[in-house]
$ cat final_3.pdb   # PDB, C-alpha atoms
ATOM      1  CA  MET F 212     -34.022   1.053 -14.619
ATOM      2  CA  MET F 213     -35.679  -2.046 -13.231
ATOM      3  CA  SER F 214     -33.093  -4.563 -14.463
ATOM      4  CA  LEU F 215     -30.359  -2.668 -12.649
ATOM      5  CA  LYS F 216     -32.413  -2.477  -9.464
ATOM      6  CA  VAL F 217     -32.967  -6.238  -9.541
ATOM      7  CA  ILE F 218     -29.267  -6.919 -10.133
ATOM      8  CA  SER F 219     -28.384  -4.698  -7.177
ATOM      9  CA  ARG F 220     -30.676  -6.792  -4.982
ATOM     10  CA  LEU F 221     -29.212 -10.047  -6.279
ATOM     11  CA  LEU F 222     -25.666  -8.906  -5.521
ATOM     12  CA  ASP F 223     -26.532  -7.960  -1.964
ATOM     13  CA  TYR F 224     -26.263 -10.389   0.941
ATOM     14  CA  PRO F 225     -29.116 -12.945   0.547
ATOM     15  CA  SER F 226     -32.051 -11.987   2.731
ATOM     16  CA  GLU F 227     -35.322 -13.633   3.647
ATOM     17  CA  ALA F 228     -37.173 -10.645   2.161
ATOM     18  CA  LEU F 229     -35.630 -11.309  -1.249
ATOM     19  CA  TRP F 230     -36.789 -14.927  -1.169
ATOM     20  CA  GLN F 231     -40.265 -13.880  -0.035
ATOM     21  CA  HIS F 232     -40.643 -11.431  -2.940
ATOM     22  CA  ARG F 233     -39.458 -13.799  -5.659
ATOM     23  CA  ASP F 234     -42.680 -13.486  -7.658
ATOM     24  CA  GLU F 235     -42.585  -9.685  -7.525
ATOM     25  CA  LEU F 236     -39.037  -9.686  -8.892
ATOM     26  CA  ILE F 237     -40.038 -11.865 -11.809
ATOM     27  CA  GLU F 238     -43.108  -9.744 -12.543
ATOM     28  CA  ALA F 239     -40.989  -6.589 -12.508
ATOM     29  CA  LEU F 240     -38.472  -8.109 -14.931
ATOM     30  CA  GLU F 241     -41.265  -9.110 -17.295
ATOM     31  CA  GLN F 242     -42.061  -5.408 -17.682
ATOM     32  CA  ALA F 243     -38.432  -4.266 -17.999
ATOM     33  CA  ASN F 244     -36.965  -3.483 -21.406
ATOM     34  CA  GLU F 245     -33.425  -2.236 -20.711
ATOM     35  CA  LEU F 246     -31.653  -5.435 -21.776
ATOM     36  CA  PRO F 247     -31.627  -7.170 -25.173
ATOM     37  CA  PHE F 248     -33.949 -10.178 -25.268
ATOM     38  CA  THR F 249     -31.235 -12.820 -24.800
ATOM     39  CA  GLN F 250     -29.729 -11.040 -21.794
ATOM     40  CA  ALA F 251     -33.190 -10.387 -20.334
ATOM     41  CA  VAL F 252     -33.855 -14.128 -20.454
ATOM     42  CA  GLN F 253     -30.512 -14.781 -18.743
ATOM     43  CA  LEU F 254     -31.459 -12.468 -15.892
ATOM     44  CA  MET F 255     -34.887 -14.053 -15.544
ATOM     45  CA  MET F 256     -33.340 -17.536 -15.419
ATOM     46  CA  PHE F 257     -30.824 -16.388 -12.823
ATOM     47  CA  VAL F 258     -33.607 -15.100 -10.575
ATOM     48  CA  ARG F 259     -35.655 -18.291 -10.882
ATOM     49  CA  GLU F 260     -32.730 -20.652 -10.280
ATOM     50  CA  TYR F 261     -31.055 -18.600  -7.549
ATOM     51  CA  LEU F 262     -34.217 -18.070  -5.515
ATOM     52  CA  ASP F 263     -35.121 -21.741  -5.839
ATOM     53  CA  GLU F 264     -32.045 -22.532  -3.729
ATOM     54  CA  ASP F 265     -32.067 -22.773   0.051
ATOM     55  CA  LEU F 266     -31.562 -19.341   1.642
ATOM     56  CA  LEU F 267     -29.102 -20.492   4.306
ATOM     57  CA  ASP F 268     -27.015 -22.310   1.718
ATOM     58  CA  MET F 269     -26.879 -19.196  -0.443
ATOM     59  CA  GLN F 270     -25.871 -17.036   2.515
ATOM     60  CA  ALA F 271     -22.990 -19.367   3.257
ATOM     61  CA  GLN F 272     -21.906 -19.463  -0.380
ATOM     62  CA  TYR F 273     -22.163 -15.670  -0.627
ATOM     63  CA  CYS F 274     -19.795 -15.182   2.310
ATOM     64  CA  GLU F 275     -17.365 -17.738   0.916
ATOM     65  CA  LEU F 276     -17.349 -15.983  -2.442
ATOM     66  CA  PHE F 277     -17.388 -12.288  -1.611
ATOM     67  CA  ASP F 278     -16.070 -12.019   1.947
ATOM     68  CA  ARG F 279     -12.963 -14.211   1.786
ATOM     69  CA  GLY F 280      -9.984 -12.453   0.265
ATOM     70  CA  ARG F 281     -10.123  -9.307  -1.816
ATOM     71  CA  ALA F 282     -10.144 -10.545  -5.401
ATOM     72  CA  THR F 283     -13.947 -10.743  -5.501
ATOM     73  CA  SER F 284     -14.723  -8.023  -2.965
ATOM     74  CA  LEU F 285     -17.819  -5.977  -3.788
ATOM     75  CA  LEU F 286     -16.234  -2.896  -2.225
ATOM     76  CA  LEU F 287     -15.339  -0.886  -5.311
ATOM     77  CA  PHE F 288     -12.533   1.193  -3.833
ATOM     78  CA  GLU F 289     -10.857  -1.982  -2.605
ATOM     79  CA  HIS F 290      -9.849  -2.492  -6.244
ATOM     80  CA  VAL F 291      -8.614   1.052  -6.735
ATOM     81  CA  HIS F 292      -7.300   2.538  -3.501
ATOM     82  CA  GLY F 293      -6.900  -0.402  -1.125
ATOM     83  CA  GLU F 294      -6.530   1.065   2.367
ATOM     84  CA  SER F 295      -4.674   4.185   1.259
ATOM     85  CA  ARG F 296      -5.637   7.677   2.371
ATOM     86  CA  ASP F 297      -7.079   8.312  -1.094
ATOM     87  CA  ARG F 298      -9.833   5.863  -0.279
ATOM     88  CA  GLY F 299     -11.111   8.055   2.542
ATOM     89  CA  GLN F 300     -11.531  11.073   0.274
ATOM     90  CA  ALA F 301     -13.126   8.909  -2.398
ATOM     91  CA  MET F 302     -15.657   7.716   0.205
ATOM     92  CA  VAL F 303     -16.457  11.315   1.142
ATOM     93  CA  ASP F 304     -16.932  12.293  -2.506
ATOM     94  CA  LEU F 305     -19.206   9.323  -3.166
ATOM     95  CA  MET F 306     -21.303  10.053  -0.084
ATOM     96  CA  ALA F 307     -21.720  13.625  -1.344
ATOM     97  CA  GLN F 308     -23.083  12.276  -4.628
ATOM     98  CA  TYR F 309     -25.614  10.174  -2.747
ATOM     99  CA  GLN F 310     -26.695  13.120  -0.632
ATOM    100  CA  GLN F 311     -27.204  15.275  -3.720
ATOM    101  CA  GLN F 312     -29.849  12.763  -4.776
ATOM    102  CA  GLY F 313     -31.435  12.786  -1.330
ATOM    103  CA  LEU F 314     -30.085   9.336  -0.477
ATOM    104  CA  GLN F 315     -28.785   8.335   2.932
ATOM    105  CA  ILE F 316     -27.074   5.106   3.975
ATOM    106  CA  ASP F 317     -26.745   3.949   7.555
ATOM    107  CA  CYS F 318     -23.547   3.168   9.392
ATOM    108  CA  ARG F 319     -23.726  -0.561   8.726
ATOM    109  CA  GLU F 320     -22.401  -0.494   5.167
ATOM    110  CA  LEU F 321     -19.753   1.349   3.180
ATOM    111  CA  PRO F 322     -20.723   3.723   0.345
ATOM    112  CA  ASP F 323     -18.560   1.891  -2.196
ATOM    113  CA  TYR F 324     -20.397  -1.408  -1.647
ATOM    114  CA  LEU F 325     -21.460  -2.304  -5.189
ATOM    115  CA  PRO F 326     -25.167  -3.020  -4.484
ATOM    116  CA  ILE F 327     -25.500   0.413  -2.831
ATOM    117  CA  TYR F 328     -23.773   2.117  -5.759
ATOM    118  CA  LEU F 329     -26.051   0.325  -8.229
ATOM    119  CA  GLU F 330     -29.094   1.355  -6.200
ATOM    120  CA  TYR F 331     -27.904   4.961  -6.389
ATOM    121  CA  LEU F 332     -27.561   4.720 -10.177
ATOM    122  CA  THR F 333     -31.203   3.652 -10.495
ATOM    123  CA  VAL F 334     -32.407   7.120  -9.371
ATOM    124  CA  LEU F 335     -30.415   8.925 -12.066
ATOM    125  CA  THR F 336     -31.351   9.627 -15.670
ATOM    126  CA  PRO F 337     -30.632   6.796 -18.144
ATOM    127  CA  ASP F 338     -27.612   8.650 -19.548
ATOM    128  CA  GLN F 339     -26.233   9.271 -16.061
ATOM    129  CA  THR F 340     -26.829   5.648 -15.144
ATOM    130  CA  ARG F 341     -24.873   4.417 -18.149
ATOM    131  CA  GLU F 342     -22.088   6.875 -17.360
ATOM    132  CA  GLY F 343     -21.942   5.645 -13.765
ATOM    133  CA  LEU F 344     -21.685   2.041 -14.927
ATOM    134  CA  SER F 345     -19.078   2.986 -17.512
ATOM    135  CA  ASP F 346     -16.966   4.592 -14.759
ATOM    136  CA  ILE F 347     -16.615   1.222 -13.021
ATOM    137  CA  ALA F 348     -16.624  -0.972 -16.139
ATOM    138  CA  PRO F 349     -12.951  -2.061 -15.728
ATOM    139  CA  ILE F 350     -13.722  -3.286 -12.199
ATOM    140  CA  LEU F 351     -16.906  -5.014 -13.335
ATOM    141  CA  ALA F 352     -15.057  -6.806 -16.137
ATOM    142  CA  LEU F 353     -12.297  -7.982 -13.791
ATOM    143  CA  LEU F 354     -14.714  -9.172 -11.113
ATOM    144  CA  GLY F 355     -16.821 -10.927 -13.734
ATOM    145  CA  GLU F 356     -13.828 -12.826 -15.109
ATOM    146  CA  ARG F 357     -12.709 -13.867 -11.633
ATOM    147  CA  LEU F 358     -16.179 -15.153 -10.841
ATOM    148  CA  LYS F 359     -16.370 -17.078 -14.093
ATOM    149  CA  GLN F 360     -13.042 -18.764 -13.430
ATOM    150  CA  ARG F 361     -14.375 -19.770 -10.012
ATOM    151  CA  GLN F 362     -17.404 -21.188 -11.833
ATOM    152  CA  SER F 363     -19.743 -18.879  -9.950
ATOM    153  CA  ARG F 364     -23.254 -18.194 -11.180
ATOM    154  CA  PHE F 365     -22.743 -14.508 -10.309
ATOM    155  CA  GLY F 366     -20.436 -14.016 -13.279
ATOM    156  CA  VAL F 367     -23.426 -13.560 -15.579
ATOM    157  CA  LEU F 368     -24.641 -10.573 -13.552
ATOM    158  CA  PHE F 369     -21.419  -8.703 -14.285
ATOM    159  CA  ASP F 370     -21.813  -9.405 -17.998
ATOM    160  CA  LEU F 371     -25.298  -7.902 -17.765
ATOM    161  CA  LEU F 372     -23.964  -4.827 -15.974
ATOM    162  CA  LEU F 373     -21.440  -4.304 -18.763
ATOM    163  CA  THR F 374     -24.259  -4.612 -21.285
ATOM    164  CA  LEU F 375     -26.257  -1.960 -19.421
ATOM    165  CA  SER F 376     -23.205   0.306 -19.381
ATOM    166  CA  ALA F 377     -23.009   0.230 -23.193
ATOM    167  CA  THR F 378     -19.230   0.240 -22.745
ATOM    168  CA  ALA F 379     -16.872  -1.206 -25.322
ATOM    169  CA  ILE F 380     -14.241  -2.601 -22.967
ATOM    170  CA  GLU F 381     -11.415  -4.857 -24.056
ATOM    171  CA  THR F 382     -11.626  -8.100 -22.096
ATOM    172  CA  SER F 383      -9.549 -10.442 -24.277
ATOM    173  CA  GLN F 384      -6.524 -10.305 -21.966
ATOM    174  CA  LEU F 385      -8.458 -10.696 -18.730
ATOM    175  CA  SER F 386      -8.755 -14.460 -18.926
ATOM    176  CA  GLY F 387      -5.019 -15.020 -18.928
ATOM    177  CA  GLN F 388      -4.415 -12.309 -16.331
ATOM    178  CA  VAL F 389      -6.909 -13.805 -13.901
ATOM    179  CA  ALA F 390      -5.705 -17.359 -14.523
ATOM    180  CA  ALA F 391      -2.196 -16.253 -13.526
ATOM    181  CA  GLU F 392      -3.334 -14.668 -10.249
ATOM    182  CA  ALA F 393      -2.671 -16.428  -6.979
ATOM    183  CA  ARG F 394      -5.893 -17.197  -5.129
ATOM    184  CA  ASP F 395      -6.260 -15.018  -2.044
ATOM    185  CA  ASP F 396      -9.169 -16.911  -0.485
ATOM    186  CA  THR F 397      -7.333 -20.076   0.522
ATOM    187  CA  PRO F 398      -6.660 -20.771   4.239
ATOM    188  CA  GLU F 399      -2.939 -20.262   3.634
ATOM    189  CA  ALA F 400      -3.470 -16.913   1.900
ATOM    190  CA  LEU F 401      -5.840 -15.688   4.596
ATOM    191  CA  ASP F 402      -3.409 -16.685   7.335
ATOM    192  CA  ALA F 403      -0.607 -14.818   5.562
ATOM    193  CA  VAL F 404      -2.691 -11.633   5.468
ATOM    194  CA  TRP F 405      -3.278 -11.638   9.209
ATOM    195  CA  GLU F 406       0.404 -12.246   9.888
ATOM    196  CA  GLU F 407       1.229  -8.929   8.200
ATOM    197  CA  GLU F 408       1.032  -5.637  10.033
ATOM    198  CA  GLN F 409      -2.591  -4.537  10.040
ATOM    199  CA  VAL F 410      -3.548  -1.071   8.889
ATOM    200  CA  LYS F 411      -6.653   0.282  10.576
ATOM    201  CA  PHE F 412      -8.752   2.267   8.138
ATOM    202  CA  PHE F 413     -11.692   3.153  10.371
ATOM    203  CA  THR F 414     -11.794   5.206  13.526
ATOM    204  CA  ASP F 415     -13.722   3.765  16.440
ATOM    205  CA  GLU F 416     -17.339   4.882  16.392
ATOM    206  CA  LYS F 417     -19.100   3.298  19.340
ATOM    207  CA  SER F 418     -22.505   4.503  18.180
ATOM    208  CA  CYS F 419     -22.156   2.519  15.003
ATOM    209  CA  ALA F 420     -19.746  -0.319  15.658
ATOM    210  CA  SER F 421     -22.159  -2.205  17.869
ATOM    211  CA  GLU F 422     -24.560  -2.491  14.948
ATOM    212  CA  VAL F 423     -22.027  -3.630  12.381
ATOM    213  CA  THR F 424     -22.187  -7.314  11.536
ATOM    214  CA  ALA F 425     -19.204  -9.464  10.655
ATOM    215  CA  HIS F 426     -20.328  -9.449   7.025
ATOM    216  CA  GLN F 427     -20.598  -5.677   6.865
ATOM    217  CA  TYR F 428     -17.301  -5.010   8.678
ATOM    218  CA  ARG F 429     -15.389  -7.613   6.701
ATOM    219  CA  PHE F 430     -12.429  -5.504   5.512
ATOM    220  CA  ALA F 431     -12.198  -2.948   8.306
ATOM    221  CA  ASN F 432      -8.692  -3.953   9.395
ATOM    222  CA  ALA F 433      -7.246  -5.390   6.217
ATOM    223  CA  VAL F 434      -3.837  -4.576   4.800
ATOM    224  CA  VAL F 435      -3.296  -2.976   1.412
ATOM    225  CA  PRO F 436      -3.940  -5.444  -1.448
ATOM    226  CA  GLN F 437      -1.032  -6.367  -3.695
ATOM    227  CA  TYR F 438      -2.763  -8.405  -6.371
ATOM    228  CA  LEU F 439      -4.242  -5.700  -8.582
ATOM    229  CA  ASP F 440      -2.596  -3.152 -10.876
ATOM    230  CA  LEU F 441      -5.159  -0.999 -12.628
ATOM    231  CA  ASP F 442      -4.075   1.644 -15.100
ATOM    232  CA  ALA F 443      -3.892   5.135 -13.651
ATOM    233  CA  GLY F 444      -6.715   6.191 -15.950
ATOM    234  CA  TYR F 445      -9.092   4.012 -14.012
ATOM    235  CA  ASN F 446      -8.217   5.416 -10.614
ATOM    236  CA  ALA F 447     -11.082   7.904 -10.749
ATOM    237  CA  GLY F 448     -13.394   4.848 -10.963
ATOM    238  CA  VAL F 449     -16.657   5.653  -9.299
ATOM    239  CA  GLN F 450     -15.953   9.321  -8.698
ATOM    240  CA  LYS F 451     -17.708  11.863 -10.917
TER     241      LYS F 451
END
$ encode --input "final_3.pdb" --output "structure tokens"
Amino acid sequence: MMSLKVISRLLDYPSEALWQHRDELIEALEQANELPFTQAVQLMMFVREYLDEDLLDMQAQYCELFDRGRATSLLLFEHVHGESRDRGQAMVDLMAQYQQQGLQIDCRELPDYLPIYLEYLTVLTPDQTREGLSDIAPILALLGERLKQRQSRFGVLFDLLLTLSATAIETSQLSGQVAAEARDDTPEALDAVWEEEQVKFFTDEKSCASEVTAHQYRFANAVVPQYLDLDAGYNAGVQK
């Protein structure tokens, strides 16, 4: 599913390689047919406009948007399990799914990082891909609404993911819910987090930690989030 593969690249940390292969992305999208015409045009416009921007500027904006606070984190289990013990088992289960498809990820990123999960879905059958997107549709809808209210261009990508999932999800109440949320990316909110007792989720792995960048290790020592209350029915999220 080429549209999904492109979206996974666009949601990843901006890289020089992505900017260098701008024309190839556009050519690939011209051949894709997974999205309705209007949404396909939206994705094409996003690619053209986004990759016309300065790479360093986009890297800075990406970190400001996705790495400050938890509300827009691209770590899926952050929105379901926080730093609870359940998250560890969910990670193990998700890694097992990747391995069943012959996929391996290195130690520098977590398996529930949305671009990695989307990349995994692209190797499945179309029905399995839609099912995988449907599993995380509540998270996608919530993230999309938060991004829209922050006037971020990335909001459109989450609308496109919901379209690809073919999921009828009720979003009418999300606008008010998100508007009522306290921002967790302000200096005051970030300071308050670090004043709380920190819960360490990861064990020390010297063979890997030296390779982990600040971007990739962004929530390693964060405390349990308090801002999100998903229904219990969604707690199986990205697990199959």
$ closest_residue --input "final_3.pdb" --among "F:Ile350, F:Arg233, F:Ala271, F:Pro322" --to "Ser284 of chain F" --atoms "only C-alpha atoms"
F:Ile350
$ resolve_selection --input "final_3.pdb" --expression "the PyMOL selection byres ((chain F and resi 344) around 12)" --output "PyMOL selection string"
chain F and resi 215+287+325+328-333+335+337-343+345-352+369-380+448-451
$ atom_distance --input "final_3.pdb" --atom1 "atom CA of Leu276 of chain F" --atom2 "atom CA of Lys216 of chain F"
21.4 Å
$ residues_near_point --input "final_3.pdb" --point "(-39.4, -9.7, -17.1)" --cutoff "12 Å" --atoms "only C-alpha atoms" --output "JSON, numbers by chain"
{"F": [213, 214, 217, 234, 235, 236, 237, 238, 239, 240, 241, 242, 243, 244, 245, 246, 247, 248, 249, 250, 251, 252, 253, 254, 255, 256, 257, 258, 259]}
$ closest_residue --input "final_3.pdb" --among "F:Tyr309, F:Leu262, F:Ile218, F:Asp317" --to "His232 of chain F" --atoms "all atoms listed in the file"
F:Leu262
$ atom_distance --input "final_3.pdb" --atom1 "atom CA of Met306 of chain F" --atom2 "atom CA of Tyr324 of chain F"
11.6 Å
$ axis_aligned_box --input "final_3.pdb" --around "segment 302-313 of chain F" --padding-each-side "3 Å" --output "AutoDock Vina command-line options"
--center_x -23.5 --center_y 11.5 --center_z -1.8 --size_x 21.8 --size_y 13.6 --size_z 11.9
$ resolve_selection --input "final_3.pdb" --expression "the PyMOL selection byres ((chain F and resi 364) around 12)" --output "compact mmCIF listing (two decimals) with C-alpha atoms, keeping the file's coordinate frame"
# COMPACT_ATOMS: atom_id res chain seq x y z
CA LEU F 221 -29.21 -10.05 -6.28
CA LEU F 222 -25.67 -8.91 -5.52
CA GLN F 253 -30.51 -14.78 -18.74
CA LEU F 254 -31.46 -12.47 -15.89
CA MET F 256 -33.34 -17.54 -15.42
CA PHE F 257 -30.82 -16.39 -12.82
CA VAL F 258 -33.61 -15.10 -10.58
CA GLU F 260 -32.73 -20.65 -10.28
CA TYR F 261 -31.06 -18.60 -7.55
CA MET F 269 -26.88 -19.20 -0.44
CA GLN F 272 -21.91 -19.46 -0.38
CA TYR F 273 -22.16 -15.67 -0.63
CA LEU F 276 -17.35 -15.98 -2.44
CA GLY F 355 -16.82 -10.93 -13.73
CA GLU F 356 -13.83 -12.83 -15.11
CA ARG F 357 -12.71 -13.87 -11.63
CA LEU F 358 -16.18 -15.15 -10.84
CA LYS F 359 -16.37 -17.08 -14.09
CA GLN F 360 -13.04 -18.76 -13.43
CA ARG F 361 -14.38 -19.77 -10.01
CA GLN F 362 -17.40 -21.19 -11.83
CA SER F 363 -19.74 -18.88 -9.95
CA PHE F 365 -22.74 -14.51 -10.31
CA GLY F 366 -20.44 -14.02 -13.28
CA VAL F 367 -23.43 -13.56 -15.58
CA LEU F 368 -24.64 -10.57 -13.55
CA PHE F 369 -21.42 -8.70 -14.28
CA ASP F 370 -21.81 -9.40 -18.00
$ closest_residue --input "final_3.pdb" --among "F:Met302, F:Leu229, F:Leu354, F:Ala391" --to "Asp323 of chain F" --atoms "all atoms listed in the file"
F:Met302
$ atom_distance --input "final_3.pdb" --atom1 "atom CA of Met212 of chain F" --atom2 "atom CA of Glu320 of chain F"
23.0 Å
$ closest_residue --input "final_3.pdb" --among "F:Arg281, F:Ile327, F:Cys274, F:Pro225" --to "Leu305 of chain F" --atoms "only C-alpha atoms"
F:Ile327
$ decode --input "final_3.pdb" --residues "segment 316-326 of chain F" --atoms "all heavy atoms" --output "short mmCIF file (atom, residue, chain, number, x, y, z; two decimals), in the first residue's frame"
data_model
loop_
_atom_site.label_atom_id
_atom_site.label_comp_id
_atom_site.auth_asym_id
_atom_site.auth_seq_id
_atom_site.Cartn_x
_atom_site.Cartn_y
_atom_site.Cartn_z
N ILE F 316 13.74 -4.56 14.01
CA ILE F 316 14.06 -3.15 14.24
C ILE F 316 15.27 -3.10 15.16
O ILE F 316 15.48 -4.00 15.98
CB ILE F 316 12.88 -2.36 14.84
CG1 ILE F 316 12.52 -2.87 16.24
CG2 ILE F 316 11.68 -2.42 13.93
CD1 ILE F 316 11.47 -2.02 16.93
N ASP F 317 16.08 -2.05 15.00
CA ASP F 317 17.27 -1.97 15.84
C ASP F 317 16.93 -1.34 17.18
O ASP F 317 15.78 -1.00 17.46
CB ASP F 317 18.40 -1.21 15.13
CG ASP F 317 18.04 0.23 14.83
OD1 ASP F 317 17.23 0.81 15.59
OD2 ASP F 317 18.56 0.77 13.84
N CYS F 318 17.94 -1.21 18.01
CA CYS F 318 17.73 -0.78 19.38
C CYS F 318 17.46 0.70 19.51
O CYS F 318 17.25 1.20 20.62
CB CYS F 318 18.93 -1.16 20.24
SG CYS F 318 20.47 -0.32 19.74
N ARG F 319 17.50 1.44 18.42
CA ARG F 319 17.39 2.90 18.51
C ARG F 319 15.96 3.42 18.47
O ARG F 319 15.75 4.61 18.55
CB ARG F 319 18.23 3.53 17.40
CG ARG F 319 19.72 3.29 17.57
CD ARG F 319 20.51 3.84 16.40
NE ARG F 319 20.20 3.13 15.17
CZ ARG F 319 20.67 3.48 13.97
NH1 ARG F 319 21.44 4.54 13.85
NH2 ARG F 319 20.36 2.77 12.91
N GLU F 320 14.98 2.55 18.33
CA GLU F 320 13.60 3.01 18.30
C GLU F 320 12.71 1.97 18.96
O GLU F 320 13.04 0.79 19.03
CB GLU F 320 13.15 3.27 16.85
CG GLU F 320 11.88 4.06 16.74
CD GLU F 320 11.91 5.36 17.52
OE1 GLU F 320 12.36 6.38 16.99
OE2 GLU F 320 11.47 5.35 18.69
N LEU F 321 11.57 2.40 19.46
CA LEU F 321 10.63 1.53 20.13
C LEU F 321 9.64 0.93 19.13
O LEU F 321 9.25 1.59 18.15
CB LEU F 321 9.88 2.30 21.21
CG LEU F 321 10.76 2.90 22.31
CD1 LEU F 321 9.92 3.73 23.27
CD2 LEU F 321 11.48 1.80 23.06
N PRO F 322 9.18 -0.30 19.36
CA PRO F 322 8.29 -0.95 18.39
C PRO F 322 6.94 -0.27 18.23
O PRO F 322 6.27 -0.46 17.21
CB PRO F 322 8.14 -2.38 18.94
CG PRO F 322 8.52 -2.28 20.38
CD PRO F 322 9.54 -1.20 20.47
N ASP F 323 6.51 0.50 19.24
CA ASP F 323 5.20 1.15 19.12
C ASP F 323 5.29 2.55 18.52
O ASP F 323 4.30 3.28 18.51
CB ASP F 323 4.51 1.22 20.48
CG ASP F 323 5.25 2.07 21.50
OD1 ASP F 323 6.49 2.19 21.38
OD2 ASP F 323 4.61 2.61 22.43
N TYR F 324 6.46 2.91 18.00
CA TYR F 324 6.61 4.18 17.28
C TYR F 324 5.77 4.12 16.02
O TYR F 324 5.93 3.22 15.19
CB TYR F 324 8.09 4.39 16.97
CG TYR F 324 8.46 5.67 16.28
CD1 TYR F 324 7.98 6.90 16.72
CD2 TYR F 324 9.32 5.65 15.19
CE1 TYR F 324 8.34 8.07 16.08
CE2 TYR F 324 9.70 6.83 14.55
CZ TYR F 324 9.21 8.03 15.01
OH TYR F 324 9.57 9.20 14.37
N LEU F 325 4.84 5.03 15.85
CA LEU F 325 3.83 4.94 14.79
C LEU F 325 4.42 4.72 13.40
O LEU F 325 3.91 3.86 12.67
CB LEU F 325 2.95 6.19 14.82
CG LEU F 325 1.84 6.25 13.75
CD1 LEU F 325 0.91 5.06 13.85
CD2 LEU F 325 1.06 7.56 13.86
N PRO F 326 5.45 5.44 12.96
CA PRO F 326 5.99 5.17 11.62
C PRO F 326 6.46 3.73 11.44
O PRO F 326 6.31 3.16 10.35
CB PRO F 326 7.16 6.16 11.51
CG PRO F 326 6.76 7.30 12.39
CD PRO F 326 6.08 6.64 13.56
#
